[in-house]
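Below is one structure; the comments refer to it alone.
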Amino acid sequence: MLSIIKGIKLLLLWLLKGEDKSMTEELAQSGVIRISDDVVSTIAGLAALETPGISAMSGGISEGWAKRLTGKNAQKGVIVEVGQLEAAIDLRVIVVYGSMIHQVCRDLQQNVREAVENMTGLHVVEVNVKVEGVTFQEEEQQLKEEAQKLK
């Protein structure tokens, strides 16, 4: 049994050659670390909401269907694919009216990438952003008040 485990580790090391050496050494010494999609989704969602110009995350009908079909509670407006070393993130957001949408989205991509990479050690290969709405100051204040009531 021990030789099978060593064989699997050697196979993984061979597959990972050329990847980050510290990750390869860590795998050889201590085993595999897996980070849940939900964890990455939560980190990405919180980083997105902290970005200036982002009013809220956009849910949508597809998330409601996904929850009904799979029983899984998807993070609102965030879809992630997490591998062993990399992650891809799709965000659906609502921006504040009057902001430069392209700049807000670039800042959003940067903030989410940094937060996920710093907290998980995963390499974020892409952060795709879809702007699904615009809010005005009054609407944004109402959204914030409703969010505070839910806490």
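Starting from 1 in every chain, residues are counted up; chains themselves are A, B, ... following the order of the structure tokens, and ligands are numbered from 1 as listed.
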Handout entry: Long-range neighbours of Ala88 of chain A as a ChimeraX atom specification, 9 Å cut-off, only C-alpha atoms, 5 positions minimum in chain
Key = /A:79-83,123-128
Exercise for the section: Within 10 Å of Met119 of chain A, counting only C-alpha atoms, which residues show up once you throw out same-chain ones fewer than 4 positions away? Write them as JSON, numbers by chain, please. Expected result: {"A": [40, 43, 114, 115]}
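When atom CA of Glu86 of chain A is paired with atom CA of Asp107 of chain A, their separation reads 20.6 Å.
If only C-alpha atoms are the atoms counted, then among A:Ser36, A:Gln142, A:Thr135, A:Gln109 the closest residue to Ser58 of chain A is A:Thr135.
Taking atom CA of Asp37 of chain A and atom CA of Leu122 of chain A as endpoints, the distance between them is 11.7 Å.
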Handout entry: All residues 8 Å or closer to Val78 of chain A, only C-alpha atoms, same chain fewer than 6 positions away omitted, as JSON, numbers by chain
Key = {"A": [41, 44, 45, 57, 89, 90, 91, 92]}
Problem - Contact residues around Val134 of chain A with only C-alpha atoms at 7 Å, ignoring same-chain residues under 3 positions, as a PyMOL selection string - result: chain A and resi 94-97
How would the residues just picked look written out with N, CA and C atoms as a PDB file, in the first residue's frame?
```pdb
ATOM      1  N   ILE A  94     -23.509  44.690 -10.538  1.00  0.00           N
ATOM      2  CA  ILE A  94     -24.277  45.905 -10.778  1.00  0.00           C
ATOM      3  C   ILE A  94     -23.385  47.059 -10.357  1.00  0.00           C
ATOM      4  N   VAL A  95     -23.197  48.024 -11.256  1.00  0.00           N
ATOM      5  CA  VAL A  95     -22.301  49.150 -10.979  1.00  0.00           C
ATOM      6  C   VAL A  95     -23.098  50.401 -10.635  1.00  0.00           C
ATOM      7  N   VAL A  96     -22.403  51.350 -10.014  1.00  0.00           N
ATOM      8  CA  VAL A  96     -23.005  52.624  -9.627  1.00  0.00           C
ATOM      9  C   VAL A  96     -23.049  53.535 -10.855  1.00  0.00           C
ATOM     10  N   TYR A  97     -24.208  54.148 -11.082  1.00  0.00           N
ATOM     11  CA  TYR A  97     -24.381  55.063 -12.208  1.00  0.00           C
ATOM     12  C   TYR A  97     -23.387  56.218 -12.099  1.00  0.00           C
TER      13      TYR A  97
END
```
Practice task
Kindly indicate which residue among A:Glu145, A:Glu117, A:Asp38, A:Glu132 lies nearest to Leu85 of chain A, using only C-alpha atoms for the distances.
Solution key: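 Using only C-alpha atoms, Leu85 of chain A sits closest to A:Glu117.
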Problem - Nearest residue to Gln110 of chain A from the set A:Val131, A:Ile33, A:Ala87, A:Ala48 (distances using only C-alpha atoms) - result: A:Ala48
Problem - helix (DSSP H, G or I) residues, from DSSP on the backbone, in segment 99-140 of chain A, as number ranges by chain - result: A: 101-120, 137-140
Write a file of the selected residues as a compact mmCIF listing (two decimals), in the first residue's frame, keeping N, CA and C atoms.
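See out_8.txt below for the written result:
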```txt
# COMPACT_ATOMS: atom_id res chain seq x y z
N ILE A 101 -17.31 52.54 -16.14
CA ILE A 101 -17.54 51.10 -16.01
C ILE A 101 -16.30 50.30 -16.36
N HIS A 102 -15.62 50.65 -17.43
CA HIS A 102 -14.43 49.86 -17.81
C HIS A 102 -13.34 49.92 -16.75
N GLN A 103 -13.17 51.08 -16.10
CA GLN A 103 -12.15 51.20 -15.06
C GLN A 103 -12.57 50.46 -13.79
N VAL A 104 -13.84 50.56 -13.44
CA VAL A 104 -14.36 49.84 -12.27
C VAL A 104 -14.15 48.33 -12.47
N CYS A 105 -14.42 47.85 -13.68
CA CYS A 105 -14.28 46.42 -13.96
C CYS A 105 -12.81 45.98 -13.92
N ARG A 106 -11.91 46.82 -14.40
CA ARG A 106 -10.47 46.50 -14.31
C ARG A 106 -10.03 46.44 -12.86
N ASP A 107 -10.48 47.42 -12.06
CA ASP A 107 -10.16 47.41 -10.63
C ASP A 107 -10.74 46.17 -9.95
N LEU A 108 -11.96 45.82 -10.34
CA LEU A 108 -12.61 44.64 -9.81
C LEU A 108 -11.80 43.38 -10.12
N GLN A 109 -11.37 43.23 -11.36
CA GLN A 109 -10.57 42.07 -11.73
C GLN A 109 -9.29 42.00 -10.90
N GLN A 110 -8.63 43.13 -10.74
CA GLN A 110 -7.39 43.19 -9.97
C GLN A 110 -7.63 42.82 -8.50
N ASN A 111 -8.66 43.42 -7.89
CA ASN A 111 -8.95 43.16 -6.48
C ASN A 111 -9.29 41.70 -6.22
N VAL A 112 -10.12 41.12 -7.08
CA VAL A 112 -10.53 39.72 -6.91
C VAL A 112 -9.33 38.80 -7.11
N ARG A 113 -8.54 39.06 -8.15
CA ARG A 113 -7.36 38.23 -8.42
C ARG A 113 -6.41 38.25 -7.22
N GLU A 114 -6.11 39.45 -6.71
CA GLU A 114 -5.18 39.57 -5.58
C GLU A 114 -5.72 38.88 -4.33
N ALA A 115 -7.01 39.07 -4.04
CA ALA A 115 -7.60 38.48 -2.84
C ALA A 115 -7.54 36.95 -2.90
N VAL A 116 -7.95 36.39 -4.02
CA VAL A 116 -7.98 34.92 -4.14
C VAL A 116 -6.56 34.36 -4.13
N GLU A 117 -5.65 34.97 -4.87
CA GLU A 117 -4.28 34.45 -4.91
C GLU A 117 -3.60 34.57 -3.55
N ASN A 118 -3.78 35.70 -2.87
CA ASN A 118 -3.13 35.89 -1.57
C ASN A 118 -3.69 34.97 -0.49
N MET A 119 -5.00 34.73 -0.51
CA MET A 119 -5.61 33.93 0.56
C MET A 119 -5.54 32.43 0.32
N THR A 120 -5.49 32.02 -0.95
CA THR A 120 -5.53 30.58 -1.24
C THR A 120 -4.24 30.02 -1.81
N GLN A 137 -27.89 56.45 -6.89
CA GLN A 137 -27.51 56.66 -5.49
C GLN A 137 -28.61 56.20 -4.52
N GLU A 138 -29.87 56.55 -4.83
CA GLU A 138 -30.97 56.18 -3.93
C GLU A 138 -31.12 54.67 -3.86
N GLU A 139 -31.06 54.01 -5.03
CA GLU A 139 -31.19 52.56 -5.07
C GLU A 139 -30.05 51.88 -4.32
N GLU A 140 -28.84 52.43 -4.49
CA GLU A 140 -27.68 51.85 -3.82
C GLU A 140 -27.85 51.95 -2.30
```
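Relative to atom CA of Val93 of chain A, atom CA of Ala56 of chain A is found at 6.0 Å.
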Practice task
Determine the nearest neighbour of Gly77 of chain A from the options A:Ser30, A:Thr51, A:Thr42, A:Ser99, counting only C-alpha atoms.
Solution key: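 Looking only at the distances to Gly77 of chain A, the closest residue turns out to be A:Thr42.
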